[in-house]
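Enquirer: Below are the structure tokens for one structure; questions will follow.
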Amino acid sequence: MSYIKSAALEETGFVILDRYEQANDPKEWLDLEYVEWKSSGDTRFAPLTSAKGEIEVNGFWNHTPPRTDKDGVWIASQVEKAPTLARRAQEPGANVGRCRVIELKPTEYAEALYNLHQDDNNRLNPDGNGWIVRGFFNLSDDADSCLILREERYDPDTEVRIPLPAGAQIIVDTQRFWHAVWHPGPANRYCLITSWESGAQLDAYIEKWHGTSAHTSAPLDPALAADAEHEVQRRLAERAAALAERGSSDAREAARGAWGASDA
């Protein structure tokens, strides 16, 4: 299939924008209404858009009629509380799908690896349209935390770790990367996540903010890395055994998730 994609993301799948002066803005994310929704850790979400303008965060394809992650409906009560965040999400001028603030409690590196996942932003996206990518705007100051990206879920050699101080701005093809955030804490982390449609508007926005794939991965202690790899392997094997014991039809799929195995 042929989609419109941003040339800036074509080679590496992500770009890092200039850092935003987050300290100049009010902490609007603290005033939003959150809903329970687990995603790669102990999380809650505060939607600014949703499929029908309601305070919920389900995928647009799970509604009637189902549709892809575009044309999000702004939630008036949330935008009233966070006009600056809404403005930032709309600044590129690209089509906005889901837009929400994530609240993430502290999590260990092994937990982040276990929760690596790929998004499904382009489900139902017609051929010839712009490819859906996601912007991550870190709101809280989490200089010791990092966004983990892996081309291959079980291959640490493909791992990129992008630091997340306040004002970090990153655009990622999250359907290409396995991703999660390692957030040591101690306080909760907050980040504005927006789905955008690739195209001329997003390209201009990336250029305006000097988007680059040049990066230096956050340092990682080799012993910590090795322990985390083994812990994930243990948890995957434990899950596969539990599914097999129950006779689950998912047992075969779980077994294929053994450490080092390739994904379909």
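In the structure tokens, chains take letters A, B, ... by order of appearance, with residues numbered from 1 within each chain and ligands from 1 in the order shown.
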Which residues of segment 174-263 of chain A sit at most 6 Å from segment 77-100 of chain A, using only C-alpha atoms? Give each one's shortest atom pair and distance in Å (one decimal place), in chain and ascending residue order, as a tab-separated table.
Expert:
```
residue	atom	partner	partner_atom	distance
A:Leu192	CA	A:Arg100	CA	5.8
A:Ile193	CA	A:Arg100	CA	5.5
A:Thr194	CA	A:Cys99	CA	4.3
A:Ser195	CA	A:Gly97	CA	5.0
A:Trp196	CA	A:Val96	CA	5.0
A:Glu197	CA	A:Asn95	CA	5.3
A:Gln201	CA	A:Ala94	CA	5.5
A:Leu202	CA	A:Pro92	CA	5.6
A:Tyr205	CA	A:Pro92	CA	5.2
```
Enquirer: Would you save the residues of that selection, restricted to all heavy atoms, as a PDB file, in the first residue's frame?
Expert:
```
ATOM      1  N   LEU A 192       1.828  14.917  26.642  1.00  0.00           N
ATOM      2  CA  LEU A 192       0.764  15.119  25.659  1.00  0.00           C
ATOM      3  C   LEU A 192       1.082  14.269  24.434  1.00  0.00           C
ATOM      4  O   LEU A 192       2.149  14.419  23.827  1.00  0.00           O
ATOM      5  CB  LEU A 192       0.674  16.596  25.260  1.00  0.00           C
ATOM      6  CG  LEU A 192      -0.369  16.949  24.195  1.00  0.00           C
ATOM      7  CD1 LEU A 192      -1.787  16.745  24.731  1.00  0.00           C
ATOM      8  CD2 LEU A 192      -0.178  18.389  23.704  1.00  0.00           C
ATOM      9  N   ILE A 193       0.168  13.375  24.080  1.00  0.00           N
ATOM     10  CA  ILE A 193       0.361  12.486  22.931  1.00  0.00           C
ATOM     11  C   ILE A 193      -0.706  12.806  21.894  1.00  0.00           C
ATOM     12  O   ILE A 193      -1.912  12.779  22.199  1.00  0.00           O
ATOM     13  CB  ILE A 193       0.252  11.009  23.349  1.00  0.00           C
ATOM     14  CG1 ILE A 193       1.248  10.691  24.466  1.00  0.00           C
ATOM     15  CG2 ILE A 193       0.498  10.102  22.142  1.00  0.00           C
ATOM     16  CD1 ILE A 193       1.133   9.266  24.991  1.00  0.00           C
ATOM     17  N   THR A 194      -0.282  13.108  20.674  1.00  0.00           N
ATOM     18  CA  THR A 194      -1.207  13.502  19.615  1.00  0.00           C
ATOM     19  C   THR A 194      -0.960  12.686  18.358  1.00  0.00           C
ATOM     20  O   THR A 194       0.185  12.538  17.918  1.00  0.00           O
ATOM     21  CB  THR A 194      -1.046  14.998  19.275  1.00  0.00           C
ATOM     22  OG1 THR A 194      -1.141  15.783  20.457  1.00  0.00           O
ATOM     23  CG2 THR A 194      -2.118  15.442  18.289  1.00  0.00           C
ATOM     24  N   SER A 195      -2.029  12.164  17.780  1.00  0.00           N
ATOM     25  CA  SER A 195      -1.943  11.479  16.488  1.00  0.00           C
ATOM     26  C   SER A 195      -2.117  12.499  15.375  1.00  0.00           C
ATOM     27  O   SER A 195      -3.106  13.240  15.351  1.00  0.00           O
ATOM     28  CB  SER A 195      -3.029  10.404  16.370  1.00  0.00           C
ATOM     29  OG  SER A 195      -2.835   9.382  17.320  1.00  0.00           O
ATOM     30  N   TRP A 196      -1.137  12.545  14.461  1.00  0.00           N
ATOM     31  CA  TRP A 196      -1.177  13.464  13.327  1.00  0.00           C
ATOM     32  C   TRP A 196      -1.093  12.697  12.021  1.00  0.00           C
ATOM     33  O   TRP A 196      -0.421  11.659  11.928  1.00  0.00           O
ATOM     34  CB  TRP A 196       0.006  14.434  13.366  1.00  0.00           C
ATOM     35  CG  TRP A 196      -0.085  15.513  14.396  1.00  0.00           C
ATOM     36  CD1 TRP A 196      -1.141  16.330  14.656  1.00  0.00           C
ATOM     37  CD2 TRP A 196       0.962  15.916  15.293  1.00  0.00           C
ATOM     38  NE1 TRP A 196      -0.832  17.221  15.658  1.00  0.00           N
ATOM     39  CE2 TRP A 196       0.453  16.983  16.069  1.00  0.00           C
ATOM     40  CE3 TRP A 196       2.273  15.486  15.508  1.00  0.00           C
ATOM     41  CZ2 TRP A 196       1.217  17.618  17.043  1.00  0.00           C
ATOM     42  CZ3 TRP A 196       3.035  16.118  16.479  1.00  0.00           C
ATOM     43  CH2 TRP A 196       2.501  17.177  17.242  1.00  0.00           C
ATOM     44  N   GLU A 197      -1.740  13.251  10.999  1.00  0.00           N
ATOM     45  CA  GLU A 197      -1.645  12.688   9.661  1.00  0.00           C
ATOM     46  C   GLU A 197      -0.460  13.317   8.925  1.00  0.00           C
ATOM     47  O   GLU A 197      -0.342  14.539   8.857  1.00  0.00           O
ATOM     48  CB  GLU A 197      -2.932  12.927   8.871  1.00  0.00           C
ATOM     49  CG  GLU A 197      -2.913  12.280   7.497  1.00  0.00           C
ATOM     50  CD  GLU A 197      -4.222  12.438   6.749  1.00  0.00           C
ATOM     51  OE1 GLU A 197      -5.051  13.289   7.153  1.00  0.00           O
ATOM     52  OE2 GLU A 197      -4.421  11.720   5.758  1.00  0.00           O
ATOM     53  N   GLN A 201       1.658  19.783   5.832  1.00  0.00           N
ATOM     54  CA  GLN A 201       1.576  20.580   7.061  1.00  0.00           C
ATOM     55  C   GLN A 201       2.523  20.049   8.130  1.00  0.00           C
ATOM     56  O   GLN A 201       3.238  20.818   8.783  1.00  0.00           O
ATOM     57  CB  GLN A 201       0.141  20.600   7.597  1.00  0.00           C
ATOM     58  CG  GLN A 201      -0.851  21.321   6.706  1.00  0.00           C
ATOM     59  CD  GLN A 201      -1.577  20.371   5.776  1.00  0.00           C
ATOM     60  OE1 GLN A 201      -1.059  19.316   5.414  1.00  0.00           O
ATOM     61  NE2 GLN A 201      -2.781  20.758   5.385  1.00  0.00           N
ATOM     62  N   LEU A 202       2.534  18.744   8.309  1.00  0.00           N
ATOM     63  CA  LEU A 202       3.408  18.171   9.332  1.00  0.00           C
ATOM     64  C   LEU A 202       4.869  18.332   8.935  1.00  0.00           C
ATOM     65  O   LEU A 202       5.728  18.597   9.790  1.00  0.00           O
ATOM     66  CB  LEU A 202       3.073  16.699   9.549  1.00  0.00           C
ATOM     67  CG  LEU A 202       3.790  16.032  10.739  1.00  0.00           C
ATOM     68  CD1 LEU A 202       3.458  16.744  12.044  1.00  0.00           C
ATOM     69  CD2 LEU A 202       3.437  14.554  10.826  1.00  0.00           C
ATOM     70  N   TYR A 205       5.933  21.768   9.852  1.00  0.00           N
ATOM     71  CA  TYR A 205       6.067  21.878  11.309  1.00  0.00           C
ATOM     72  C   TYR A 205       7.389  21.275  11.778  1.00  0.00           C
ATOM     73  O   TYR A 205       8.095  21.866  12.611  1.00  0.00           O
ATOM     74  CB  TYR A 205       4.886  21.172  11.960  1.00  0.00           C
ATOM     75  CG  TYR A 205       4.890  21.193  13.467  1.00  0.00           C
ATOM     76  CD1 TYR A 205       4.535  22.337  14.172  1.00  0.00           C
ATOM     77  CD2 TYR A 205       5.236  20.050  14.188  1.00  0.00           C
ATOM     78  CE1 TYR A 205       4.526  22.354  15.561  1.00  0.00           C
ATOM     79  CE2 TYR A 205       5.224  20.061  15.578  1.00  0.00           C
ATOM     80  CZ  TYR A 205       4.868  21.212  16.255  1.00  0.00           C
ATOM     81  OH  TYR A 205       4.870  21.216  17.629  1.00  0.00           O
TER      82      TYR A 205
END
```
Enquirer: Between segment 44-149 of chain A and segment 5-20 of chain A, at 10 Å or less, what are the per-residue closest atom pairs and their distances in Å? Count only C-alpha atoms, order by chain and rising residue number, and return it as CSV.
Expert:
```
residue,atom,partner,partner_atom,distance
A:Gly128,CA,A:Lys5,CA,9.9
A:Asn129,CA,A:Lys5,CA,8.9
A:Gly130,CA,A:Lys5,CA,6.1
A:Trp131,CA,A:Lys5,CA,5.6
A:Ile132,CA,A:Lys5,CA,8.5
A:Val133,CA,A:Lys5,CA,9.2
A:Arg134,CA,A:Phe14,CA,9.5
A:Gly135,CA,A:Val15,CA,9.6
A:Phe136,CA,A:Ile16,CA,9.7
A:Phe137,CA,A:Tyr20,CA,8.5
A:Asn138,CA,A:Tyr20,CA,9.2
A:Leu139,CA,A:Tyr20,CA,9.5
A:Leu149,CA,A:Phe14,CA,9.3
```
Enquirer: Which residues are near segment 119-123 of chain A? Cut-off 6 Å, only C-alpha atoms, ignore same chain within fewer than 2 positions. Put them as a list of chain:residue names.
Expert: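 Result of the neighbour search: A:Thr68, A:Asp69, A:Asn125, A:Ile132, A:Thr174, A:Gln175.
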Enquirer: Report as a PyMOL selection string all protein, DNA and RNA residues lying within 12 Å of Ala76 of chain A, evaluated on only C-alpha atoms, omitting residues in the same chain fewer than 5 positions from it.
Expert: chain A and resi 32-33+47-50+52-55+81-83+86
Enquirer: I'd like to know which residues of segment 34-193 of chain A are strand (DSSP E or B) (by DSSP, run on the backbone); could you write them as a PyMOL selection string?
Expert: chain A and resi 35-36+43-47+49-50+73-74+96-104+117+130+132-138+142-150+159-164+169-172+178-182+189-193
Enquirer: Could you tell me, as a JSON list (two decimals) with N, CA and C atoms, in the first residue's frame, which residues of segment 41-104 of chain A DSSP assigns to helix (DSSP H, G or I) when given the backbone?
Expert:
```
[["chain", "number", "residue", "atom", "x", "y", "z"],
["A", 60, "PHE", "N", -10.64, 4.65, 17.70],
["A", 60, "PHE", "CA", -11.77, 5.10, 16.88],
["A", 60, "PHE", "C", -12.40, 3.93, 16.12],
["A", 61, "TRP", "N", -11.63, 2.88, 15.85],
["A", 61, "TRP", "CA", -12.15, 1.73, 15.11],
["A", 61, "TRP", "C", -13.08, 0.87, 15.95],
["A", 62, "ASN", "N", -13.14, 1.15, 17.26],
["A", 62, "ASN", "CA", -14.04, 0.40, 18.14],
["A", 62, "ASN", "C", -15.38, 1.10, 18.32],
["A", 76, "ALA", "N", -15.03, 19.85, 24.68],
["A", 76, "ALA", "CA", -15.08, 21.25, 25.11],
["A", 76, "ALA", "C", -14.66, 21.43, 26.56],
["A", 77, "SER", "N", -15.12, 20.57, 27.45],
["A", 77, "SER", "CA", -14.82, 20.74, 28.87],
["A", 77, "SER", "C", -13.33, 20.56, 29.15],
["A", 78, "GLN", "N", -12.66, 19.71, 28.38],
["A", 78, "GLN", "CA", -11.24, 19.49, 28.57],
["A", 78, "GLN", "C", -10.41, 20.61, 27.94],
["A", 79, "VAL", "N", -10.81, 21.05, 26.76],
["A", 79, "VAL", "CA", -10.11, 22.14, 26.09],
["A", 79, "VAL", "C", -10.20, 23.43, 26.90],
["A", 80, "GLU", "N", -11.34, 23.64, 27.57],
["A", 80, "GLU", "CA", -11.50, 24.82, 28.42],
["A", 80, "GLU", "C", -10.48, 24.81, 29.55],
["A", 81, "LYS", "N", -10.14, 23.63, 30.05],
["A", 81, "LYS", "CA", -9.17, 23.52, 31.14],
["A", 81, "LYS", "C", -7.73, 23.56, 30.64],
["A", 83, "PRO", "N", -6.33, 25.02, 27.31],
["A", 83, "PRO", "CA", -6.29, 25.64, 25.99],
["A", 83, "PRO", "C", -4.88, 25.66, 25.39],
["A", 84, "THR", "N", -3.85, 25.77, 26.23],
["A", 84, "THR", "CA", -2.48, 25.79, 25.71],
["A", 84, "THR", "C", -2.12, 24.44, 25.11],
["A", 85, "LEU", "N", -2.49, 23.36, 25.78],
["A", 85, "LEU", "CA", -2.20, 22.03, 25.26],
["A", 85, "LEU", "C", -2.96, 21.79, 23.95],
["A", 86, "ALA", "N", -4.21, 22.23, 23.89],
["A", 86, "ALA", "CA", -4.99, 22.08, 22.66],
["A", 86, "ALA", "C", -4.34, 22.87, 21.52],
["A", 87, "ARG", "N", -3.87, 24.07, 21.83],
["A", 87, "ARG", "CA", -3.22, 24.88, 20.79],
["A", 87, "ARG", "C", -1.97, 24.20, 20.28],
["A", 88, "ARG", "N", -1.17, 23.66, 21.18],
["A", 88, "ARG", "CA", 0.06, 22.98, 20.76],
["A", 88, "ARG", "C", -0.25, 21.78, 19.88],
["A", 89, "ALA", "N", -1.28, 21.04, 20.20],
["A", 89, "ALA", "CA", -1.65, 19.87, 19.40],
["A", 89, "ALA", "C", -2.13, 20.27, 18.00],
["A", 90, "GLN", "N", -2.71, 21.46, 17.89],
["A", 90, "GLN", "CA", -3.24, 21.92, 16.61],
["A", 90, "GLN", "C", -2.23, 22.74, 15.81]]
```
Enquirer: Using Å and a single decimal, report how far atom CA of Ile162 of chain A sits from atom CA of Ala226 of chain A.
Expert: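 Those two atoms sit 19.5 Å apart.
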Enquirer: So which residues touch Ser140 of chain A within 8 Å, counting only C-alpha atoms, skipping near sequence neighbours fewer than 5 positions away, as a list of chain:residue names?
Expert: A:Pro165, A:Ala166, A:Gly167, A:Arg189, A:Tyr190, A:Cys191
Enquirer: Could you tell me how far atom CA of Glu231 of chain A lies from atom CA of Ala180 of chain A, in Å and to one decimal?
Expert: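 Between atom CA of Glu231 of chain A and atom CA of Ala180 of chain A the gap works out to 16.4 Å.
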Enquirer: Tell me, as a ChimeraX atom specification, which residues lie within 12 Å of Glu36 of chain A, counting only C-alpha atoms; anything in the same chain fewer than 2 positions away does not count.
Expert: /A:33-34,38-39,41-47,55-58,102-104
Enquirer: Counting only C-alpha atoms, which of A:Val101, A:Leu220, A:Arg234, A:Asp141 gets nearest to Val160 of chain A?
Expert: A:Leu220
Enquirer: Using only C-alpha atoms, pick whichever of A:Arg153, A:Ala168, A:Trp209, A:Ala244 has the shortest atom-to-atom distance to Ala23 of chain A.
Expert: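 Answer, going by the shortest atom-to-atom distance: A:Ala168.
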